[in-house]
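J.: Have a look at the structure that comes next, please.
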Amino acid sequence: LLAERRALRRHWRMPFTRLILTSLVLSFAVKATPFKKILTDAKKGYRVSNWQMVASDLPGYKGDAKWHIRKRILQGGKQEGVELIEVDNGKLRFRVIPTRGMGILDVNLDDVRLGWDSPIKEVVHPKFVNLESRGGLGWIEGFNEWMARCGLEYAGHPGKDTFTTNTG
């Protein structure tokens, strides 16, 4: 009976000891601080023109994934000055346009692309879009994102929905 009690106490102490040791080790572990990078801050008038981060740039990252985040300013034509951010984890890639209200230009997963094959080939800067042209349909001249943020005032032009041609 005494031997059974000792075995039972020993059996109870082992998990309890493991729990105490594990909590001590974890309590001394240094918590990693999350990485944070501000690319654009309109309130502070701050903007990083071109920036890139790859997996090996992240302090403490030990994974095998070959990912990257890139930000660049487009140049030339009506896309002059547009900010474009690309996030790619090696399998999924998406491109966001901060200049156009954080619109999503496209998303790619392996061979599958979610995007719109617009007749507009450039990512048009809003300053080049005359909203009042084409009978109030000027927004179409800069519309080529897969998912866009549209203002309520220009989600179509206010007025009668009668058109004689497709150009207003």
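Following the order of the structure tokens, first chain is A, next is B, and so on, with residues numbered from 1 inside each chain and ligands from 1 in the order they appear.
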Can you list, as JSON, numbers by chain, every protein, DNA or RNA residue that comes within 8 Å of A:Gln52 when you count only C-alpha atoms, leaving out same-chain residues fewer than 6 positions away?

T.: {"A": [68, 69, 70, 71]}

J.: Print the selection's residues with C-alpha atoms to a file, as a PDB file, in the first residue's frame.

T.:
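Generated file (again27.pdb):
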ATOM      1  CA  HIS A  68       8.541  39.878 -50.687  1.00  0.00           C
ATOM      2  CA  ILE A  69       6.735  43.171 -50.290  1.00  0.00           C
ATOM      3  CA  ARG A  70       7.492  45.973 -52.741  1.00  0.00           C
ATOM      4  CA  LYS A  71       6.325  49.535 -53.031  1.00  0.00           C
TER       5      LYS A  71
END

J.: Tell me which protein, DNA and RNA residues are within 10 Å of A:Lys121, counting only C-alpha atoms, leaving out same-chain ones fewer than 6 positions away, and put them as number ranges by chain.

T.: A: 79, 142-144

J.: With only C-alpha atoms as the basis for distance, which of A:Gln75, A:Lys66, A:Leu58, A:Gly136 is at the shortest distance from A:Lys36?

T.: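 Checking each of A:Gln75, A:Lys66, A:Leu58, A:Gly136 against A:Lys36, counting only C-alpha atoms, the winner is A:Leu58.
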
J.: Write out as a list of chain:residue names the residues lying within 9 Å of stretch 103-108 of chain A, counting only C-alpha atoms and excluding same-chain residues fewer than 5 positions away.

T.: A:Leu84, A:Lys91, A:Leu92, A:Arg93, A:Phe94, A:Arg95, A:Val96, A:Ile97, A:Pro98, A:Arg113, A:Leu114, A:Gly115, A:Trp116, A:Val123, A:Asn144, A:Glu145, A:Trp146, A:Met147, A:Ala148, A:Arg149

J.: Pull N, CA and C atoms from the residues just selected and write them as an mmCIF file, in the first residue's frame.

T.:
data_model
loop_
_atom_site.group_PDB
_atom_site.id
_atom_site.type_symbol
_atom_site.label_atom_id
_atom_site.label_comp_id
_atom_site.auth_asym_id
_atom_site.auth_seq_id
_atom_site.Cartn_x
_atom_site.Cartn_y
_atom_site.Cartn_z
ATOM 1 N N LEU A 84 2.076 51.878 -55.934
ATOM 2 C CA LEU A 84 1.670 50.488 -56.135
ATOM 3 C C LEU A 84 2.419 49.619 -55.131
ATOM 4 N N LYS A 91 3.323 32.020 -53.455
ATOM 5 C CA LYS A 91 2.184 31.299 -54.025
ATOM 6 C C LYS A 91 1.062 32.268 -54.393
ATOM 7 N N LEU A 92 0.768 33.179 -53.478
ATOM 8 C CA LEU A 92 -0.285 34.172 -53.688
ATOM 9 C C LEU A 92 0.356 35.546 -53.843
ATOM 10 N N ARG A 93 -0.094 36.280 -54.866
ATOM 11 C CA ARG A 93 0.428 37.634 -55.085
ATOM 12 C C ARG A 93 -0.761 38.564 -55.296
ATOM 13 N N PHE A 94 -0.722 39.728 -54.617
ATOM 14 C CA PHE A 94 -1.752 40.733 -54.883
ATOM 15 C C PHE A 94 -1.109 42.105 -54.926
ATOM 16 N N ARG A 95 -1.751 43.006 -55.696
ATOM 17 C CA ARG A 95 -1.240 44.369 -55.845
ATOM 18 C C ARG A 95 -2.328 45.353 -55.436
ATOM 19 N N VAL A 96 -1.933 46.285 -54.563
ATOM 20 C CA VAL A 96 -2.837 47.283 -53.990
ATOM 21 C C VAL A 96 -2.396 48.662 -54.456
ATOM 22 N N ILE A 97 -3.371 49.551 -54.696
ATOM 23 C CA ILE A 97 -3.085 50.901 -55.182
ATOM 24 C C ILE A 97 -3.553 51.928 -54.148
ATOM 25 N N PRO A 98 -2.666 52.355 -53.234
ATOM 26 C CA PRO A 98 -3.056 53.350 -52.232
ATOM 27 C C PRO A 98 -3.567 54.655 -52.847
ATOM 28 N N ARG A 113 -5.808 34.037 -62.117
ATOM 29 C CA ARG A 113 -5.720 35.489 -61.929
ATOM 30 C C ARG A 113 -7.119 36.040 -61.718
ATOM 31 N N LEU A 114 -7.274 36.826 -60.664
ATOM 32 C CA LEU A 114 -8.498 37.585 -60.450
ATOM 33 C C LEU A 114 -8.161 39.026 -60.779
ATOM 34 N N GLY A 115 -8.739 39.528 -61.822
ATOM 35 C CA GLY A 115 -8.452 40.882 -62.256
ATOM 36 C C GLY A 115 -9.398 41.243 -63.382
ATOM 37 N N TRP A 116 -9.309 42.439 -63.844
ATOM 38 C CA TRP A 116 -10.158 42.874 -64.936
ATOM 39 C C TRP A 116 -9.270 43.277 -66.096
ATOM 40 N N VAL A 123 -2.466 52.276 -64.760
ATOM 41 C CA VAL A 123 -3.138 52.542 -63.489
ATOM 42 C C VAL A 123 -3.223 54.063 -63.405
ATOM 43 N N ASN A 144 -9.723 50.472 -63.912
ATOM 44 C CA ASN A 144 -9.171 49.200 -64.381
ATOM 45 C C ASN A 144 -8.819 48.226 -63.264
ATOM 46 N N GLU A 145 -9.249 48.502 -62.046
ATOM 47 C CA GLU A 145 -8.925 47.603 -60.940
ATOM 48 C C GLU A 145 -9.898 46.436 -60.883
ATOM 49 N N TRP A 146 -9.451 45.365 -60.220
ATOM 50 C CA TRP A 146 -10.339 44.230 -59.980
ATOM 51 C C TRP A 146 -11.373 44.607 -58.924
ATOM 52 N N MET A 147 -10.928 45.268 -57.851
ATOM 53 C CA MET A 147 -11.837 45.699 -56.799
ATOM 54 C C MET A 147 -11.518 47.150 -56.471
ATOM 55 N N ALA A 148 -12.499 48.016 -56.678
ATOM 56 C CA ALA A 148 -12.262 49.446 -56.512
ATOM 57 C C ALA A 148 -13.180 50.034 -55.454
ATOM 58 N N ARG A 149 -12.686 51.077 -54.816
ATOM 59 C CA ARG A 149 -13.502 51.843 -53.884
ATOM 60 C C ARG A 149 -14.107 52.978 -54.693
#

J.: Select from stretch 53-157 of chain A everything DSSP, run on the backbone, classes as alpha helix (DSSP H), then give the selection as a PyMOL selection string.

T.: chain A and resi 133-136

J.: Write out, as a PDB file, in the first residue's frame, the residues just selected, with C-alpha atoms.

T.:
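Wrote it out as selection.pdb, contents follow:
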ATOM      1  CA  SER A 133     -16.495  64.261 -69.082  1.00  0.00           C
ATOM      2  CA  ARG A 134     -18.578  61.847 -71.185  1.00  0.00           C
ATOM      3  CA  GLY A 135     -21.792  63.147 -69.674  1.00  0.00           C
ATOM      4  CA  GLY A 136     -20.689  62.406 -66.102  1.00  0.00           C
TER       5      GLY A 136
END

J.: Please identify which residues in stretch 19-95 of chain A DSSP calls strand (DSSP E or B) from the backbone, and express them as a list of chain:residue names.

T.: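 DSSP-assigned strand (DSSP E or B) residues in stretch 19-95 of chain A: A:Thr40, A:Asp41, A:Tyr46, A:Arg47, A:Trp51, A:Gln52, A:Met53, A:Val54, A:His68, A:Ile69, A:Arg70, A:Lys71, A:Arg72, A:Ile73, A:Glu83, A:Leu84, A:Ile85, A:Glu86, A:Val87, A:Asp88, A:Leu92, A:Arg93, A:Phe94, A:Arg95.
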
J.: Name the residues in contact with A:Asp64 at a cut-off of 12 Å, using only C-alpha atoms, excluding same-chain residues fewer than 2 positions from it; report them as a PyMOL selection string.

T.: chain A and resi 54-56+61-62+66-67+89-90

J.: With C-alpha atoms kept, could you save the residues just selected as a PDB file, in the first residue's frame?

T.:
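Saved result, again.pdb, follows:
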ATOM      1  CA  VAL A  54      12.337  40.155 -48.736  1.00  0.00           C
ATOM      2  CA  ALA A  55      12.200  37.239 -46.317  1.00  0.00           C
ATOM      3  CA  SER A  56      15.878  37.497 -45.389  1.00  0.00           C
ATOM      4  CA  TYR A  61      12.706  35.085 -39.685  1.00  0.00           C
ATOM      5  CA  LYS A  62      13.802  31.489 -40.107  1.00  0.00           C
ATOM      6  CA  LYS A  66      10.582  33.257 -50.410  1.00  0.00           C
ATOM      7  CA  TRP A  67       8.225  36.192 -49.941  1.00  0.00           C
ATOM      8  CA  ASN A  89       4.325  35.004 -50.527  1.00  0.00           C
ATOM      9  CA  GLY A  90       5.611  32.735 -53.293  1.00  0.00           C
TER      10      GLY A  90
END

J.: Atom CA of A:Glu141 and atom CA of A:Thr167 are how many Å apart?

T.: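 Those two atoms sit 10.8 Å apart.
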
J.: Provide the atom CA of A:Gly77 to atom CA of A:Glu122 distance in Å, to one decimal place.

T.: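 If I compute the distance from atom CA of A:Gly77 to atom CA of A:Glu122, I get 8.0 Å.
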
J.: Could you tell me which of A:Ser118, A:Thr165, A:Asn130, A:Thr99 comes closest to A:Asp41 if we count only C-alpha atoms?

T.: A:Thr99

J.: Tell me which of A:Pro119, A:Thr40, A:Ser49, A:Gly76 sits closest to A:Met102, counting only C-alpha atoms.

T.: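 The closest residue to A:Met102 is A:Thr40.
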